[in-house]
file target-v8.cif (mmCIF, C-alpha atoms, pLDDT in the B column; chains and numbers go by the auth columns)
data_coords
loop_
_atom_site.group_PDB
_atom_site.id
_atom_site.type_symbol
_atom_site.label_atom_id
_atom_site.label_comp_id
_atom_site.label_asym_id
_atom_site.label_seq_id
_atom_site.Cartn_x
_atom_site.Cartn_y
_atom_site.Cartn_z
_atom_site.B_iso_or_equiv
_atom_site.auth_seq_id
_atom_site.auth_asym_id
ATOM 1 C CA MET A 1 11.308 141.830 37.657 60.00 1 A
ATOM 2 C CA ALA A 2 11.936 139.165 40.269 66.00 2 A
ATOM 3 C CA THR A 3 11.538 135.534 39.344 84.00 3 A
ATOM 4 C CA ASP A 4 10.378 132.861 41.760 87.00 4 A
ATOM 5 C CA ILE A 5 13.960 131.601 42.036 89.00 5 A
ATOM 6 C CA ASP A 6 15.257 135.100 42.866 91.00 6 A
ATOM 7 C CA LEU A 7 12.625 135.349 45.595 91.00 7 A
ATOM 8 C CA HIS A 8 13.552 131.916 46.962 92.00 8 A
ATOM 9 C CA LEU A 9 17.270 132.773 47.062 94.00 9 A
ATOM 10 C CA GLY A 10 16.455 136.059 48.789 95.00 10 A
ATOM 11 C CA ARG A 11 14.345 134.323 51.438 93.00 11 A
ATOM 12 C CA ARG A 12 17.090 131.782 52.084 94.00 12 A
ATOM 13 C CA LEU A 13 19.652 134.597 52.325 97.00 13 A
ATOM 14 C CA ARG A 14 17.524 136.496 54.851 96.00 14 A
ATOM 15 C CA ARG A 15 16.816 133.334 56.874 94.00 15 A
ATOM 16 C CA ARG A 16 20.477 132.373 57.153 96.00 16 A
ATOM 17 C CA ARG A 17 21.578 135.946 57.949 96.00 17 A
ATOM 18 C CA ARG A 18 19.001 136.250 60.718 94.00 18 A
ATOM 19 C CA LEU A 19 19.782 132.799 62.078 93.00 19 A
ATOM 20 C CA LEU A 20 23.385 133.917 62.524 94.00 20 A
ATOM 21 C CA GLY A 21 22.227 137.165 64.131 93.00 21 A
ATOM 22 C CA LEU A 22 23.796 139.381 61.467 95.00 22 A
ATOM 23 C CA THR A 23 22.422 142.708 60.300 96.00 23 A
ATOM 24 C CA GLN A 24 22.279 143.551 56.618 96.00 24 A
ATOM 25 C CA GLN A 25 25.076 146.052 57.246 97.00 25 A
ATOM 26 C CA GLN A 26 27.336 143.454 58.875 97.00 26 A
ATOM 27 C CA LEU A 27 26.840 141.009 56.029 97.00 27 A
ATOM 28 C CA ALA A 28 27.385 143.716 53.424 97.00 28 A
ATOM 29 C CA VAL A 29 30.698 144.696 55.003 97.00 29 A
ATOM 30 C CA GLN A 30 31.858 141.074 54.939 97.00 30 A
ATOM 31 C CA VAL A 31 31.262 140.775 51.194 97.00 31 A
ATOM 32 C CA GLY A 32 32.291 144.329 50.279 97.00 32 A
ATOM 33 C CA ILE A 33 28.973 145.822 49.175 97.00 33 A
ATOM 34 C CA ARG A 34 26.430 148.284 50.566 96.00 34 A
ATOM 35 C CA PHE A 35 23.608 147.098 52.823 96.00 35 A
ATOM 36 C CA GLN A 36 21.061 148.346 50.271 96.00 36 A
ATOM 37 C CA GLN A 37 22.312 145.650 47.912 97.00 37 A
ATOM 38 C CA ILE A 38 21.632 143.003 50.559 97.00 38 A
ATOM 39 C CA GLN A 39 18.108 144.436 50.892 96.00 39 A
ATOM 40 C CA LYS A 40 17.591 144.127 47.142 95.00 40 A
ATOM 41 C CA TYR A 41 18.883 140.552 47.130 96.00 41 A
ATOM 42 C CA GLU A 42 16.615 139.598 50.026 95.00 42 A
ATOM 43 C CA CYS A 43 13.462 140.967 48.405 91.00 43 A
ATOM 44 C CA GLY A 44 14.385 139.535 45.008 90.00 44 A
ATOM 45 C CA ALA A 45 14.676 142.936 43.327 90.00 45 A
ATOM 46 C CA ASN A 46 18.239 142.158 42.193 94.00 46 A
ATOM 47 C CA ARG A 47 19.596 138.853 41.010 94.00 47 A
ATOM 48 C CA ILE A 48 22.510 137.328 42.868 96.00 48 A
ATOM 49 C CA SER A 49 25.392 136.460 40.547 96.00 49 A
ATOM 50 C CA ALA A 50 27.197 133.153 40.954 95.00 50 A
ATOM 51 C CA ALA A 51 30.328 134.901 42.254 97.00 51 A
ATOM 52 C CA ARG A 52 28.324 136.951 44.772 97.00 52 A
ATOM 53 C CA LEU A 53 26.390 133.867 45.891 97.00 53 A
ATOM 54 C CA TRP A 54 29.725 132.179 46.576 98.00 54 A
ATOM 55 C CA GLN A 55 30.863 135.169 48.683 97.00 55 A
ATOM 56 C CA LEU A 56 27.596 135.233 50.593 98.00 56 A
ATOM 57 C CA ALA A 57 27.790 131.498 51.264 97.00 57 A
ATOM 58 C CA GLU A 58 31.299 131.890 52.661 97.00 58 A
ATOM 59 C CA ALA A 59 30.295 134.867 54.817 97.00 59 A
ATOM 60 C CA LEU A 60 27.277 132.945 56.112 97.00 60 A
ATOM 61 C CA GLU A 61 29.324 129.777 56.667 95.00 61 A
ATOM 62 C CA THR A 62 27.088 127.604 54.523 96.00 62 A
ATOM 63 C CA PRO A 63 27.451 125.750 51.216 96.00 63 A
ATOM 64 C CA VAL A 64 26.093 127.422 48.072 96.00 64 A
ATOM 65 C CA SER A 65 23.605 124.561 47.798 94.00 65 A
ATOM 66 C CA TYR A 66 21.891 125.882 50.956 94.00 66 A
ATOM 67 C CA PHE A 67 20.342 128.679 48.918 94.00 67 A
ATOM 68 C CA TYR A 68 18.774 126.181 46.509 93.00 68 A
ATOM 69 C CA ASP A 69 17.445 123.798 49.151 91.00 69 A
ATOM 70 C CA GLY A 70 13.703 123.444 48.667 87.00 70 A
ATOM 71 C CA VAL A 71 13.570 125.468 45.450 84.00 71 A
ATOM 72 C CA THR A 72 11.733 122.726 43.547 82.00 72 A
ATOM 73 C CA GLU A 73 9.095 122.436 46.256 82.00 73 A
ATOM 74 C CA ALA A 74 8.813 126.230 46.495 75.00 74 A
ATOM 75 C CA LEU A 75 8.205 126.503 42.764 76.00 75 A
ATOM 76 C CA GLU A 76 5.588 123.730 42.913 76.00 76 A
ATOM 77 C CA ARG A 77 3.636 125.465 45.656 73.00 77 A
ATOM 78 C CA LYS A 78 4.123 129.042 44.489 66.00 78 A
ATOM 79 C CA ASP A 79 0.364 129.458 44.234 51.00 79 A
ATOM 80 C CA ALA A 80 -0.089 128.482 47.889 52.00 80 A
ATOM 81 C CA ALA A 81 -0.865 131.295 50.306 45.00 81 A
ATOM 82 C CA ALA A 82 2.322 131.012 52.375 52.00 82 A
ATOM 83 C CA PRO A 83 5.349 128.745 51.931 51.00 83 A
ATOM 84 C CA ALA A 84 5.818 126.356 54.856 54.00 84 A
ATOM 85 C CA GLY A 85 9.382 127.540 55.427 61.00 85 A
ATOM 86 C CA GLU A 86 8.295 131.168 55.765 67.00 86 A
ATOM 87 C CA MET A 87 7.767 130.764 59.510 70.00 87 A
ATOM 88 C CA PHE A 88 11.529 130.329 59.868 69.00 88 A
ATOM 89 C CA SER A 89 12.139 133.823 58.534 70.00 89 A
ATOM 90 C CA ARG A 90 10.074 135.387 61.343 76.00 90 A
ATOM 91 C CA LYS A 91 12.116 137.115 64.025 80.00 91 A
ATOM 92 C CA GLU A 92 10.209 135.457 66.886 83.00 92 A
ATOM 93 C CA THR A 93 10.923 132.005 65.475 83.00 93 A
ATOM 94 C CA LEU A 94 14.614 132.747 65.142 83.00 94 A
ATOM 95 C CA ASP A 95 14.724 134.218 68.657 85.00 95 A
ATOM 96 C CA LEU A 96 13.098 131.049 69.977 86.00 96 A
ATOM 97 C CA ILE A 97 15.557 128.807 68.133 85.00 97 A
ATOM 98 C CA GLN A 98 18.554 130.793 69.376 86.00 98 A
ATOM 99 C CA ALA A 99 17.272 130.721 72.974 87.00 99 A
ATOM 100 C CA TYR A 100 16.574 126.987 72.678 88.00 100 A
ATOM 101 C CA TYR A 101 20.119 126.189 71.605 87.00 101 A
ATOM 102 C CA GLN A 102 21.579 128.296 74.406 90.00 102 A
ATOM 103 C CA LEU A 103 20.030 125.860 76.877 89.00 103 A
ATOM 104 C CA GLY A 104 21.768 122.724 78.034 89.00 104 A
ATOM 105 C CA GLU A 105 20.708 119.355 76.639 88.00 105 A
ATOM 106 C CA ARG A 106 18.425 118.401 79.528 91.00 106 A
ATOM 107 C CA PRO A 107 16.475 121.713 79.644 89.00 107 A
ATOM 108 C CA ARG A 108 16.130 121.552 75.836 89.00 108 A
ATOM 109 C CA ARG A 109 14.601 118.077 76.068 89.00 109 A
ATOM 110 C CA ARG A 110 12.202 119.240 78.797 91.00 110 A
ATOM 111 C CA LEU A 111 11.179 122.285 76.764 90.00 111 A
ATOM 112 C CA LEU A 112 10.552 120.114 73.722 87.00 112 A
ATOM 113 C CA ASP A 113 8.441 117.718 75.801 88.00 113 A
ATOM 114 C CA LEU A 114 6.458 120.678 77.135 90.00 114 A
ATOM 115 C CA ALA A 115 5.827 122.013 73.632 85.00 115 A
ATOM 116 C CA LYS A 116 4.692 118.584 72.431 86.00 116 A
ATOM 117 C CA SER A 117 2.355 118.183 75.395 88.00 117 A
ATOM 118 C CA LEU A 118 0.815 121.610 74.717 87.00 118 A
ATOM 119 C CA HIS A 119 0.286 120.598 71.094 75.00 119 A
ATOM 120 C CA ASP A 120 -1.344 117.327 72.206 73.00 120 A
ATOM 121 C CA VAL A 121 -3.655 119.214 74.574 66.00 121 A
ATOM 122 C CA ASN A 122 -4.595 121.587 71.745 61.00 122 A
ATOM 123 C CA ASP A 123 -5.461 118.644 69.493 64.00 123 A
ATOM 124 C CA ALA A 124 -7.587 117.044 72.212 64.00 124 A
ATOM 125 C CA VAL A 125 -9.608 120.264 72.701 60.00 125 A
ATOM 126 C CA ALA A 126 -10.193 120.789 68.974 57.00 126 A
#
call {"tool": "encode", "arguments": {"input": "target-v8.cif", "output": "structure tokens"}}
result
Amino acid sequence: MATDIDLHLGRRLRRRRRLLGLTQQQLAVQVGIRFQQIQKYECGANRISAARLWQLAEALETPVSYFYDGVTEALERKDAAAPAGEMFSRKETLDLIQAYYQLGERPRRRLLDLAKSLHDVNDAVA
């Protein structure tokens, strides 16, 4: 049975993998396991050992501490309907972030200003 920490680690694993544009299969090959094991880690069905977490962190080019970032807050709000960080695991959000960082600095600034102005307009209407 998955614990809240197993679920948190799985979400962080999925988020980082998607942010890097890797499939479960690609990540599994890098750490020498089957993609089904990655699926089980991501949904919290299987616990990630310390040694495996180290391998995953290296494959995902991130420190091991990345997986534990926000765990205290996640445990405190576990009864909330949806964790705030969950939006970052959505494919559309990751696609938007990747497209944003492919832009040059000036277009990125303009896009950010546009998004802020749309938010301000939304607030004014509400």
call {"tool": "closest_atom_pairs", "arguments": {"input": "target-v8.cif", "of": "region 30-111 of chain A", "to": "region 17-24 of chain A", "cutoff": "12 Å", "atoms": "all atoms listed in the file", "output": "CSV"}}
result
residue,atom,partner,partner_atom,distance
A:Gln30,CA,A:Gln24,CA,10.0
A:Val31,CA,A:Gln24,CA,10.9
A:Gly32,CA,A:Gln24,CA,11.9
A:Ile33,CA,A:Gln24,CA,10.3
A:Arg34,CA,A:Gln24,CA,8.7
A:Phe35,CA,A:Gln24,CA,5.4
A:Gln36,CA,A:Gln24,CA,8.0
A:Gln37,CA,A:Gln24,CA,9.0
A:Ile38,CA,A:Gln24,CA,6.1
A:Gln39,CA,A:Gln24,CA,7.1
A:Lys40,CA,A:Gln24,CA,10.6
A:Tyr41,CA,A:Gln24,CA,10.5
A:Glu42,CA,A:Gln24,CA,9.5
A:Leu56,CA,A:Arg17,CA,9.5
A:Ala57,CA,A:Arg17,CA,10.2
A:Glu58,CA,A:Arg17,CA,11.8
A:Ala59,CA,A:Arg17,CA,9.3
A:Leu60,CA,A:Arg17,CA,6.7
A:Glu61,CA,A:Leu20,CA,9.3
A:Thr62,CA,A:Arg17,CA,10.6
A:Phe67,CA,A:Arg17,CA,11.7
A:Phe88,CA,A:Leu19,CA,8.9
A:Ser89,CA,A:Arg18,CA,7.6
A:Arg90,CA,A:Arg18,CA,9.0
A:Lys91,CA,A:Arg18,CA,7.7
A:Glu92,CA,A:Arg18,CA,10.8
A:Thr93,CA,A:Leu19,CA,9.5
A:Leu94,CA,A:Leu19,CA,6.0
A:Asp95,CA,A:Leu19,CA,8.4
A:Leu96,CA,A:Leu19,CA,10.5
A:Ile97,CA,A:Leu19,CA,8.4
A:Gln98,CA,A:Leu19,CA,7.7
A:Ala99,CA,A:Leu19,CA,11.4
A:Tyr101,CA,A:Leu19,CA,11.6
call {"tool": "atom_distance", "arguments": {"input": "target-v8.cif", "atom1": "CA of Leu27 (chain A)", "atom2": "CA of Gln102 (chain A)"}}
result
23.0 Å
call {"tool": "resolve_selection", "arguments": {"input": "target-v8.cif", "expression": "the PyMOL selection byres ((chain A and resi 8) around 8)", "output": "list in words"}}
result
Asp4, Ile5, Asp6, Leu7, Leu9, Gly10, Arg11, Arg12, Gly44, Phe67, Tyr68, Val71 and Ala74 of chain A
call {"tool": "write_last_selection", "arguments": {"input": "target-v8.cif", "atoms": "C-alpha atoms", "output": "PDB file, keeping the file's coordinate frame"}}
result
ATOM      1  CA  ASP A   4      10.378 132.861  41.760  1.00 87.00           C
ATOM      2  CA  ILE A   5      13.960 131.601  42.036  1.00 89.00           C
ATOM      3  CA  ASP A   6      15.257 135.100  42.866  1.00 91.00           C
ATOM      4  CA  LEU A   7      12.625 135.349  45.595  1.00 91.00           C
ATOM      5  CA  LEU A   9      17.270 132.773  47.062  1.00 94.00           C
ATOM      6  CA  GLY A  10      16.455 136.059  48.789  1.00 95.00           C
ATOM      7  CA  ARG A  11      14.345 134.323  51.438  1.00 93.00           C
ATOM      8  CA  ARG A  12      17.090 131.782  52.084  1.00 94.00           C
ATOM      9  CA  GLY A  44      14.385 139.535  45.008  1.00 90.00           C
ATOM     10  CA  PHE A  67      20.342 128.679  48.918  1.00 94.00           C
ATOM     11  CA  TYR A  68      18.774 126.181  46.509  1.00 93.00           C
ATOM     12  CA  VAL A  71      13.570 125.468  45.450  1.00 84.00           C
ATOM     13  CA  ALA A  74       8.813 126.230  46.495  1.00 75.00           C
TER      14      ALA A  74
END
call {"tool": "atom_distance", "arguments": {"input": "target-v8.cif", "atom1": "CA of Thr3 (chain A)", "atom2": "CA of Asn46 (chain A)"}}
result
9.8 Å
call {"tool": "atom_distance", "arguments": {"input": "target-v8.cif", "atom1": "CA of Val29 (chain A)", "atom2": "CA of Ser49 (chain A)"}}
result
17.5 Å
call {"tool": "axis_aligned_box", "arguments": {"input": "target-v8.cif", "around": "region 53-69 of chain A", "padding_each_side": "3 Å", "output": "AutoDock Vina command-line options"}}
result
--center_x 24.4 --center_y 129.5 --center_z 51.3 --size_x 19.9 --size_y 17.4 --size_z 16.8
call {"tool": "decode", "arguments": {"input": "target-v8.cif", "residues": "region 22-43 of chain A", "atoms": "N, CA, C and O atoms", "output": "mmCIF file, in the first residue's frame"}}
result
data_model
loop_
_atom_site.group_PDB
_atom_site.id
_atom_site.type_symbol
_atom_site.label_atom_id
_atom_site.label_comp_id
_atom_site.auth_asym_id
_atom_site.auth_seq_id
_atom_site.Cartn_x
_atom_site.Cartn_y
_atom_site.Cartn_z
ATOM 1 N N LEU A 22 11.465 12.941 -21.295
ATOM 2 C CA LEU A 22 11.801 11.521 -21.375
ATOM 3 C C LEU A 22 10.545 10.666 -21.252
ATOM 4 O O LEU A 22 9.627 11.006 -20.503
ATOM 5 N N THR A 23 10.538 9.549 -21.950
ATOM 6 C CA THR A 23 9.465 8.571 -21.771
ATOM 7 C C THR A 23 9.844 7.668 -20.603
ATOM 8 O O THR A 23 11.008 7.630 -20.172
ATOM 9 N N GLN A 24 8.880 6.915 -20.115
ATOM 10 C CA GLN A 24 9.181 5.957 -19.054
ATOM 11 C C GLN A 24 10.201 4.937 -19.548
ATOM 12 O O GLN A 24 11.100 4.541 -18.809
ATOM 13 N N GLN A 25 10.078 4.539 -20.795
ATOM 14 C CA GLN A 25 10.998 3.564 -21.388
ATOM 15 C C GLN A 25 12.425 4.120 -21.418
ATOM 16 O O GLN A 25 13.372 3.426 -21.057
ATOM 17 N N GLN A 26 12.583 5.352 -21.846
ATOM 18 C CA GLN A 26 13.920 5.949 -21.922
ATOM 19 C C GLN A 26 14.570 6.033 -20.551
ATOM 20 O O GLN A 26 15.755 5.735 -20.394
ATOM 21 N N LEU A 27 13.801 6.430 -19.556
ATOM 22 C CA LEU A 27 14.337 6.521 -18.204
ATOM 23 C C LEU A 27 14.687 5.131 -17.677
ATOM 24 O O LEU A 27 15.742 4.938 -17.070
ATOM 25 N N ALA A 28 13.830 4.176 -17.929
ATOM 26 C CA ALA A 28 14.065 2.807 -17.462
ATOM 27 C C ALA A 28 15.364 2.244 -18.035
ATOM 28 O O ALA A 28 16.154 1.631 -17.316
ATOM 29 N N VAL A 29 15.603 2.492 -19.311
ATOM 30 C CA VAL A 29 16.828 2.017 -19.945
ATOM 31 C C VAL A 29 18.046 2.639 -19.267
ATOM 32 O O VAL A 29 19.048 1.961 -19.015
ATOM 33 N N GLN A 30 17.970 3.907 -18.950
ATOM 34 C CA GLN A 30 19.098 4.601 -18.320
ATOM 35 C C GLN A 30 19.470 4.016 -16.961
ATOM 36 O O GLN A 30 20.635 4.026 -16.577
ATOM 37 N N VAL A 31 18.466 3.529 -16.227
ATOM 38 C CA VAL A 31 18.757 2.989 -14.892
ATOM 39 C C VAL A 31 18.742 1.462 -14.847
ATOM 40 O O VAL A 31 18.932 0.871 -13.786
ATOM 41 N N GLY A 32 18.518 0.827 -16.005
ATOM 42 C CA GLY A 32 18.613 -0.625 -16.094
ATOM 43 C C GLY A 32 17.444 -1.398 -15.525
ATOM 44 O O GLY A 32 17.621 -2.477 -14.948
ATOM 45 N N ILE A 33 16.237 -0.856 -15.688
ATOM 46 C CA ILE A 33 15.029 -1.568 -15.242
ATOM 47 C C ILE A 33 13.991 -1.525 -16.357
ATOM 48 O O ILE A 33 14.211 -0.925 -17.399
ATOM 49 N N ARG A 34 12.868 -2.171 -16.143
ATOM 50 C CA ARG A 34 11.782 -2.155 -17.132
ATOM 51 C C ARG A 34 10.897 -0.930 -16.906
ATOM 52 O O ARG A 34 10.778 -0.432 -15.797
ATOM 53 N N PHE A 35 10.247 -0.477 -17.990
ATOM 54 C CA PHE A 35 9.420 0.731 -17.882
ATOM 55 C C PHE A 35 8.259 0.531 -16.919
ATOM 56 O O PHE A 35 7.776 1.471 -16.299
ATOM 57 N N GLN A 36 7.801 -0.724 -16.763
ATOM 58 C CA GLN A 36 6.694 -0.988 -15.840
ATOM 59 C C GLN A 36 7.082 -0.609 -14.407
ATOM 60 O O GLN A 36 6.242 -0.163 -13.628
ATOM 61 N N GLN A 37 8.372 -0.764 -14.094
ATOM 62 C CA GLN A 37 8.828 -0.401 -12.757
ATOM 63 C C GLN A 37 8.746 1.109 -12.561
ATOM 64 O O GLN A 37 8.359 1.583 -11.493
ATOM 65 N N ILE A 38 9.084 1.861 -13.606
ATOM 66 C CA ILE A 38 8.951 3.321 -13.538
ATOM 67 C C ILE A 38 7.485 3.681 -13.309
ATOM 68 O O ILE A 38 7.166 4.549 -12.488
ATOM 69 N N GLN A 39 6.582 2.998 -14.016
ATOM 70 C CA GLN A 39 5.144 3.247 -13.827
ATOM 71 C C GLN A 39 4.745 3.025 -12.370
ATOM 72 O O GLN A 39 4.013 3.824 -11.781
ATOM 73 N N LYS A 40 5.231 1.941 -11.797
ATOM 74 C CA LYS A 40 4.881 1.621 -10.405
ATOM 75 C C LYS A 40 5.458 2.642 -9.439
ATOM 76 O O LYS A 40 4.815 3.000 -8.448
ATOM 77 N N TYR A 41 6.676 3.108 -9.713
ATOM 78 C CA TYR A 41 7.258 4.161 -8.874
ATOM 79 C C TYR A 41 6.417 5.433 -8.962
ATOM 80 O O TYR A 41 6.128 6.068 -7.956
ATOM 81 N N GLU A 42 6.041 5.800 -10.187
ATOM 82 C CA GLU A 42 5.324 7.060 -10.389
ATOM 83 C C GLU A 42 3.940 7.068 -9.755
ATOM 84 O O GLU A 42 3.465 8.110 -9.331
ATOM 85 N N CYS A 43 3.288 5.927 -9.692
ATOM 86 C CA CYS A 43 1.954 5.897 -9.072
ATOM 87 C C CYS A 43 2.024 5.543 -7.595
ATOM 88 O O CYS A 43 0.994 5.502 -6.920
#
